[in-house]
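Everything on this sheet refers to the single structure shown next.
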Amino acid sequence: MQIHKFRRANIGWKKLGLGTKVFIGFVVGIILGLIFKEKILLIKPVGDIFLTLIKMIVVPLIFFSITSGIFSIGDVQKLKRIGTKTLLYYVITTLLAGGIGIIVANIFKPGEGLDISSIKASSDFQASEIPTLSETILGIFPSNPVQALATGNLMQIIIFSLFLGISITLIGNKAEGLKKLFNEGTEAMYKMTAIVMAFSPIGVAALMACTIGEYGLKIFGPLGKFILVDYVGLISVIIIMYLFMLKFIAKFPLTKFFKSIGKIWVVTASTTSSSGTLPVTISVTKNDYKVKEELAQFTLPIGATMNMNGAVVYYSAAVIFVSQIYGVEMSISQQFLVILMTTLISVGSPGIPGGGIVMTIMLLTTLGLPMEIVGMIAGIYRIIDMGHTTLNVTGDVVSTLCIARSENMYEEDSTPLKKVI
């Protein structure tokens, strides 16, 4: 009798979609974390293995998918047009997200009345050396593409893939062998991704259990208002900017969008990695939203590396947060400068060791603000980074849907335009 029940349960589990399974793992992880607290950290290696497997497939997936996506577009003029639109969408949305972050921080004033003496800073936190803007720009171009692939420098891999894809396009029929190699390589990486993602419900459960077990509900202490304001800013970007883009630019049904975006959100919240979520992002955009494969393979890997809408909301809010703590009045022009700086910084941050925390130090130092609070933020950074990554990847998808509509790059069975309006 027990065997029959187990078999029925196993069959029922197999019938569930991957998104549902991952969500179940997400919820189970939270419950386990609350029950077992710090003892649950024993299963941390399970989550780490999942992250390692995702990292394993990211570099070859980006290399093959961007290269094949470029020559699949075929027309060099069309490629130039799509590339320009991609950069414009990512830069403009990042600027707007930074502006929204500034406005929300000024409205809610997270730093007013905060007694920082009661907060214990992370004693082992150390700042890394910060490269200059010119070093950051120079660093995106690979002097040795093999080394870029070996070290996982995503920005350099993207640049090399762009050049290679364009070169294959210009060669034309003479490059049929290379086209076949990259197309088959892309298919192989998709299959490998499917294998790794089959493990994702367990991996996500372990990651969430350890996060909740380590931090618990104590995060809603002295820094709770900053965490709340940060998330209010992220939600505001979705409501003010993304809904507008989906409705009036992408002309995409909101119900259809939110029905599938949850599959991506549970992975971004647990991995806090845009590039690590990339396999799921491409799959949902291609299979659920019916965006043509060549476009998804081109725009999404670039977005995972340079489109940081969520990060720029955090940077803007953090600057206002620190200025309010120390009673430093910032003029409108200074706040506008913050928006411009955070946009530039968010594009360069993927290649800088230490990520968002190091970039926060760079901002505060440039603006002449104290940076002692950064050690305190570092202690709860993973909690807020869940939201940053989720918004980053959502922005990648929304911008891709907008470009797909303007370039008519939806599959034939996608929702017709007349049904969307």
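Identifiers for the structure tokens are assigned positionally: chains receive A, B, ... in sequence, residues are indexed from 1 per chain, and ligands are indexed from 1 in the order shown.
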Handout entry: Who sits within 12 Å of Leu164 of chain A, only C-alpha atoms, same chain under 3 positions skipped, as a ChimeraX atom specification
Key = /A:63-71,145,157-161,167-171,175,178-179,182
Handout entry: Point-to-point distance in Å for atom CA of Ile264 of chain A and atom CA of Val280 of chain A
Key = 6.2 Å
Practice task
Do a neighbour search on Lys44 of chain A at 12 Å with only C-alpha atoms, toss out local chain neighbours closer than 4 positions, and write the hits as a ChimeraX atom specification.
Solution key: /A:29,33,38-40,48-51,202-214
Export, as a short mmCIF file (atom, residue, chain, number, x, y, z; two decimals), in the first residue's frame, the selected residues with all heavy atoms.
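result_12.cif, written as the output of this step:
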data_model
loop_
_atom_site.label_atom_id
_atom_site.label_comp_id
_atom_site.auth_asym_id
_atom_site.auth_seq_id
_atom_site.Cartn_x
_atom_site.Cartn_y
_atom_site.Cartn_z
N GLY A 29 12.45 25.43 1.33
CA GLY A 29 13.70 25.97 1.86
C GLY A 29 13.47 27.00 2.94
O GLY A 29 14.15 27.00 3.98
N GLY A 33 14.55 26.60 6.84
CA GLY A 33 15.42 27.61 7.45
C GLY A 33 14.84 28.15 8.74
O GLY A 33 15.56 28.36 9.72
N GLU A 38 20.25 28.01 12.25
CA GLU A 38 21.64 27.89 11.80
C GLU A 38 22.08 26.43 11.61
O GLU A 38 23.06 26.17 10.92
CB GLU A 38 22.58 28.59 12.80
CG GLU A 38 22.42 30.11 12.78
CD GLU A 38 23.43 30.80 13.66
OE1 GLU A 38 24.23 30.09 14.31
OE2 GLU A 38 23.43 32.05 13.69
N LYS A 39 21.36 25.49 12.20
CA LYS A 39 21.70 24.08 12.03
C LYS A 39 21.54 23.63 10.57
O LYS A 39 22.18 22.67 10.13
CB LYS A 39 20.84 23.20 12.94
CG LYS A 39 21.11 23.40 14.42
CD LYS A 39 20.21 22.51 15.26
CE LYS A 39 20.47 22.72 16.75
NZ LYS A 39 19.56 21.90 17.59
N ILE A 40 20.68 24.33 9.83
CA ILE A 40 20.42 23.94 8.44
C ILE A 40 21.62 24.19 7.54
O ILE A 40 21.68 23.70 6.41
CB ILE A 40 19.18 24.71 7.90
CG1 ILE A 40 18.55 23.99 6.69
CG2 ILE A 40 19.55 26.12 7.52
CD1 ILE A 40 17.95 22.66 7.02
N ASP A 48 25.66 24.90 -2.83
CA ASP A 48 26.91 25.31 -3.49
C ASP A 48 27.18 24.48 -4.74
O ASP A 48 27.68 24.99 -5.74
CB ASP A 48 28.08 25.17 -2.52
CG ASP A 48 28.02 26.19 -1.39
OD1 ASP A 48 27.32 27.22 -1.55
OD2 ASP A 48 28.67 25.98 -0.35
N ILE A 49 26.85 23.19 -4.68
CA ILE A 49 27.02 22.32 -5.86
C ILE A 49 26.12 22.80 -6.99
O ILE A 49 26.53 22.86 -8.15
CB ILE A 49 26.71 20.86 -5.50
CG1 ILE A 49 27.81 20.29 -4.60
CG2 ILE A 49 26.58 20.00 -6.77
CD1 ILE A 49 27.50 18.91 -4.05
N PHE A 50 24.88 23.17 -6.65
CA PHE A 50 23.95 23.67 -7.66
C PHE A 50 24.48 24.93 -8.33
O PHE A 50 24.47 25.06 -9.56
CB PHE A 50 22.59 23.94 -7.01
CG PHE A 50 21.58 24.59 -7.92
CD1 PHE A 50 21.22 24.00 -9.12
CD2 PHE A 50 21.00 25.81 -7.58
CE1 PHE A 50 20.30 24.61 -9.97
CE2 PHE A 50 20.08 26.42 -8.41
CZ PHE A 50 19.73 25.81 -9.62
N LEU A 51 24.99 25.87 -7.52
CA LEU A 51 25.57 27.09 -8.07
C LEU A 51 26.78 26.79 -8.94
O LEU A 51 26.97 27.40 -10.00
CB LEU A 51 25.97 28.05 -6.94
CG LEU A 51 24.84 28.74 -6.18
CD1 LEU A 51 25.42 29.62 -5.09
CD2 LEU A 51 23.97 29.56 -7.11
N ILE A 202 15.95 21.05 -5.73
CA ILE A 202 16.73 20.69 -4.54
C ILE A 202 17.75 21.78 -4.23
O ILE A 202 17.94 22.18 -3.08
CB ILE A 202 17.45 19.34 -4.77
CG1 ILE A 202 16.42 18.24 -5.00
CG2 ILE A 202 18.33 19.01 -3.57
CD1 ILE A 202 17.03 16.91 -5.39
N GLY A 203 18.43 22.28 -5.28
CA GLY A 203 19.42 23.32 -5.09
C GLY A 203 18.83 24.59 -4.54
O GLY A 203 19.39 25.20 -3.61
N VAL A 204 17.68 25.01 -5.08
CA VAL A 204 17.01 26.22 -4.61
C VAL A 204 16.56 26.06 -3.16
O VAL A 204 16.69 26.98 -2.34
CB VAL A 204 15.82 26.56 -5.53
CG1 VAL A 204 14.91 27.60 -4.88
CG2 VAL A 204 16.30 27.06 -6.88
N ALA A 205 16.03 24.88 -2.82
CA ALA A 205 15.60 24.62 -1.44
C ALA A 205 16.77 24.76 -0.48
O ALA A 205 16.65 25.38 0.60
CB ALA A 205 14.98 23.23 -1.33
N ALA A 206 17.92 24.22 -0.85
CA ALA A 206 19.10 24.29 0.01
C ALA A 206 19.59 25.72 0.17
O ALA A 206 19.94 26.16 1.28
CB ALA A 206 20.21 23.41 -0.56
N LEU A 207 19.63 26.48 -0.94
CA LEU A 207 20.10 27.86 -0.89
C LEU A 207 19.20 28.72 -0.02
O LEU A 207 19.68 29.52 0.81
CB LEU A 207 20.17 28.43 -2.31
CG LEU A 207 21.29 27.89 -3.20
CD1 LEU A 207 21.07 28.33 -4.64
CD2 LEU A 207 22.65 28.36 -2.72
N MET A 208 17.89 28.59 -0.18
CA MET A 208 16.96 29.40 0.61
C MET A 208 16.98 29.00 2.06
O MET A 208 16.90 29.85 2.96
CB MET A 208 15.54 29.28 0.03
CG MET A 208 15.32 30.05 -1.25
SD MET A 208 15.82 31.79 -1.13
CE MET A 208 14.87 32.37 0.26
N ALA A 209 17.08 27.70 2.33
CA ALA A 209 17.12 27.23 3.72
C ALA A 209 18.32 27.81 4.45
O ALA A 209 18.20 28.27 5.60
CB ALA A 209 17.16 25.70 3.75
N CYS A 210 19.47 27.82 3.79
CA CYS A 210 20.69 28.34 4.42
C CYS A 210 20.63 29.86 4.60
O CYS A 210 21.10 30.39 5.61
CB CYS A 210 21.91 27.97 3.57
SG CYS A 210 22.26 26.19 3.58
N THR A 211 20.04 30.57 3.64
CA THR A 211 19.92 32.02 3.75
C THR A 211 19.01 32.40 4.92
O THR A 211 19.36 33.24 5.75
CB THR A 211 19.36 32.61 2.45
OG1 THR A 211 20.26 32.35 1.38
CG2 THR A 211 19.18 34.12 2.58
N ILE A 212 17.84 31.76 4.99
CA ILE A 212 16.89 32.05 6.07
C ILE A 212 17.45 31.56 7.40
O ILE A 212 17.32 32.22 8.43
CB ILE A 212 15.53 31.40 5.79
CG1 ILE A 212 14.92 31.96 4.51
CG2 ILE A 212 14.58 31.61 6.96
CD1 ILE A 212 14.67 33.45 4.53
N GLY A 213 18.12 30.40 7.38
CA GLY A 213 18.70 29.86 8.60
C GLY A 213 19.78 30.75 9.17
O GLY A 213 19.92 30.88 10.40
N GLU A 214 20.55 31.38 8.30
CA GLU A 214 21.65 32.24 8.74
C GLU A 214 21.17 33.59 9.23
O GLU A 214 21.64 34.10 10.25
CB GLU A 214 22.65 32.43 7.61
CG GLU A 214 23.88 33.23 8.01
CD GLU A 214 24.92 33.31 6.89
OE1 GLU A 214 24.69 32.71 5.82
OE2 GLU A 214 25.96 33.96 7.10
#
Handout entry: Among the residues A:Ala150, A:Val313, A:Met386, A:Val46, the one that comes closest to Ser236 of chain A [using only C-alpha atoms]
Key =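 Closest residue, counting only C-alpha atoms: A:Val313.
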Problem - Counting only C-alpha atoms, the residue of A:Tyr242, A:Phe23, A:Phe226, A:Tyr231 that sits nearest Tyr89 of chain A - result: A:Tyr242
Exercise for the section: Please provide as JSON, numbers by chain all residues within 7 Å of Val22 of chain A, with the sequence filter that same-chain residues fewer than 4 positions apart are discarded (counting only C-alpha atoms). Expected result: {"A": [18, 26, 200, 201, 204, 266]}
Exercise for the section: Kindly give the distance, in Å, that separates atom CA of Ala188 of chain A and atom CA of Val146 of chain A, rounded to a single decimal. Expected result: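 According to the coordinates, atom CA of Ala188 of chain A and atom CA of Val146 of chain A are separated by 20.4 Å.
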I want to know what sits within 12 Å of Asn309 of chain A, based on only C-alpha atoms, with residues of the same chain fewer than 5 positions away left out; could you give that as a compact mmCIF listing (two decimals) with C-alpha atoms, in the first residue's frame?
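Result file follows (around-v2.txt):
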# COMPACT_ATOMS: atom_id res chain seq x y z
CA TYR A 89 17.05 50.06 -23.94
CA TYR A 90 19.55 48.90 -21.35
CA VAL A 91 21.12 52.35 -20.80
CA ILE A 92 17.84 54.30 -20.75
CA THR A 93 16.05 51.86 -18.42
CA THR A 94 19.04 51.91 -16.08
CA LEU A 95 18.96 55.73 -15.95
CA LEU A 96 15.22 55.71 -15.25
CA ALA A 97 15.58 53.01 -12.58
CA GLY A 98 18.26 55.11 -10.87
CA GLY A 99 15.92 58.09 -10.91
CA ILE A 100 13.11 56.05 -9.36
CA GLY A 101 15.51 54.79 -6.67
CA GLY A 233 12.23 51.06 -5.08
CA LEU A 234 12.47 47.74 -6.94
CA ILE A 235 8.70 47.23 -6.93
CA SER A 236 8.21 50.83 -8.08
CA VAL A 237 10.40 50.18 -11.14
CA ILE A 238 8.16 47.24 -12.07
CA MET A 241 8.43 51.44 -15.88
CA TYR A 242 8.06 47.76 -16.75
CA SER A 274 21.96 37.21 -13.42
CA GLY A 303 21.68 42.03 -20.46
CA ALA A 304 22.88 39.55 -17.84
CA TYR A 314 20.25 50.05 -4.68
CA TYR A 315 23.21 52.35 -5.42
CA SER A 316 20.93 55.40 -5.55
CA ILE A 339 22.07 58.77 -11.23
CA THR A 342 25.34 54.68 -10.84
CA THR A 343 24.42 54.01 -14.47
CA LEU A 344 28.09 53.94 -15.50
CA ILE A 345 29.05 51.92 -12.45
CA SER A 346 26.29 49.35 -12.95
CA VAL A 347 27.56 48.64 -16.48
CA GLY A 387 15.66 41.68 -5.19
CA HIS A 388 18.39 43.40 -7.22
CA THR A 389 19.07 40.28 -9.31
CA THR A 390 15.37 39.65 -9.81
CA LEU A 391 14.81 43.17 -11.15
CA ASN A 392 17.98 43.01 -13.29
CA VAL A 393 16.81 39.87 -15.08
CA THR A 394 13.21 41.09 -15.35
CA GLY A 395 14.56 44.18 -17.11
CA ASP A 396 16.48 41.97 -19.54
CA VAL A 397 13.29 40.12 -20.44
CA VAL A 398 11.08 43.23 -20.72
CA SER A 399 13.59 45.01 -22.98
Exercise for the section: For Ala318 of chain A, list every protein, DNA or RNA residue within 12 Å, evaluated using only C-alpha atoms, and leave out those in the same chain fewer than 2 positions away; present the list as a PyMOL selection string. Expected result: chain A and resi 98+101-102+104-106+109-111+223+225-227+229-230+233+311-316+320-325+335+338-339+342+356-357+359-364+369-371+373-374+376-378+381+384
Take the residues that were just selected and, keeping C-alpha atoms, output them as a PDB file, in the first residue's frame.
ATOM      1  CA  GLY A  98      18.260  55.111 -10.867  1.00  0.00           C
ATOM      2  CA  GLY A 101      15.506  54.795  -6.666  1.00  0.00           C
ATOM      3  CA  ILE A 102      16.509  58.373  -5.797  1.00  0.00           C
ATOM      4  CA  VAL A 104      11.792  56.608  -3.386  1.00  0.00           C
ATOM      5  CA  ALA A 105      14.755  57.152  -1.034  1.00  0.00           C
ATOM      6  CA  ASN A 106      13.920  60.865  -0.727  1.00  0.00           C
ATOM      7  CA  LYS A 109      14.138  58.798   4.123  1.00  0.00           C
ATOM      8  CA  PRO A 110      15.627  55.472   5.323  1.00  0.00           C
ATOM      9  CA  GLY A 111      18.632  57.072   7.058  1.00  0.00           C
ATOM     10  CA  LEU A 223      18.727  48.209   8.904  1.00  0.00           C
ATOM     11  CA  LYS A 225      14.015  50.450   6.983  1.00  0.00           C
ATOM     12  CA  PHE A 226      16.808  50.497   4.410  1.00  0.00           C
ATOM     13  CA  ILE A 227      15.880  46.966   3.270  1.00  0.00           C
ATOM     14  CA  VAL A 229      13.027  51.170   1.006  1.00  0.00           C
ATOM     15  CA  ASP A 230      15.288  49.185  -1.307  1.00  0.00           C
ATOM     16  CA  GLY A 233      12.232  51.057  -5.082  1.00  0.00           C
ATOM     17  CA  ALA A 311      21.594  47.336  -8.809  1.00  0.00           C
ATOM     18  CA  VAL A 312      21.226  50.994  -9.796  1.00  0.00           C
ATOM     19  CA  VAL A 313      18.145  51.342  -7.568  1.00  0.00           C
ATOM     20  CA  TYR A 314      20.251  50.049  -4.678  1.00  0.00           C
ATOM     21  CA  TYR A 315      23.206  52.351  -5.424  1.00  0.00           C
ATOM     22  CA  SER A 316      20.931  55.399  -5.547  1.00  0.00           C
ATOM     23  CA  ILE A 320      20.764  58.853   0.005  1.00  0.00           C
ATOM     24  CA  PHE A 321      20.709  56.455   2.985  1.00  0.00           C
ATOM     25  CA  VAL A 322      24.284  57.309   3.996  1.00  0.00           C
ATOM     26  CA  SER A 323      23.876  61.052   3.382  1.00  0.00           C
ATOM     27  CA  GLN A 324      20.791  61.114   5.649  1.00  0.00           C
ATOM     28  CA  ILE A 325      22.546  59.152   8.413  1.00  0.00           C
ATOM     29  CA  GLN A 335      21.547  63.655  -6.947  1.00  0.00           C
ATOM     30  CA  VAL A 338      24.487  60.114  -8.600  1.00  0.00           C
ATOM     31  CA  ILE A 339      22.067  58.768 -11.228  1.00  0.00           C
ATOM     32  CA  THR A 342      25.344  54.682 -10.841  1.00  0.00           C
ATOM     33  CA  GLY A 356      27.832  45.759  -5.367  1.00  0.00           C
ATOM     34  CA  ILE A 357      29.578  46.312  -2.035  1.00  0.00           C
ATOM     35  CA  MET A 359      30.885  49.707  -6.052  1.00  0.00           C
ATOM     36  CA  THR A 360      29.076  51.273  -3.085  1.00  0.00           C
ATOM     37  CA  ILE A 361      32.464  52.250  -1.619  1.00  0.00           C
ATOM     38  CA  MET A 362      33.472  53.757  -4.964  1.00  0.00           C
ATOM     39  CA  LEU A 363      30.320  55.893  -5.039  1.00  0.00           C
ATOM     40  CA  LEU A 364      30.598  57.105  -1.470  1.00  0.00           C
ATOM     41  CA  LEU A 369      30.555  60.561   1.999  1.00  0.00           C
ATOM     42  CA  PRO A 370      31.587  58.329   4.958  1.00  0.00           C
ATOM     43  CA  MET A 371      31.754  54.639   4.076  1.00  0.00           C
ATOM     44  CA  ILE A 373      28.118  51.947   7.007  1.00  0.00           C
ATOM     45  CA  VAL A 374      29.135  49.731   4.066  1.00  0.00           C
ATOM     46  CA  MET A 376      27.003  46.928   8.018  1.00  0.00           C
ATOM     47  CA  ILE A 377      25.233  46.706   4.661  1.00  0.00           C
ATOM     48  CA  ALA A 378      27.594  43.871   3.696  1.00  0.00           C
ATOM     49  CA  TYR A 381      23.637  42.273   1.332  1.00  0.00           C
ATOM     50  CA  ILE A 384      18.652  42.738  -0.679  1.00  0.00           C
TER      51      ILE A 384
END
Handout entry: Those of segment 209-349 of chain A in DSSP alpha helix (DSSP H), formatted as an NGL selection string
Key = :A and (209-215 or 224-237 or 243-244 or 254-271 or 274-283 or 293-306 or 309-325 or 332-348)
Exercise for the section: Could you jot down the atom CA of Asn173 of chain A to atom CA of Thr186 of chain A separation for me, Å, one decimal place? Expected result: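 Distance between the two atoms: 19.7 Å.
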Exercise for the section: Skip Lys191 of chain A itself and residues of its chain fewer than 6 positions away, then list as a list in words all residues within 12 Å of it, counting only C-alpha atoms. Expected result: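 The residues that qualify are Ile57, Leu61, Glu184, Gly185, Met197, Ala198, Pro279 and Ser283 of chain A.
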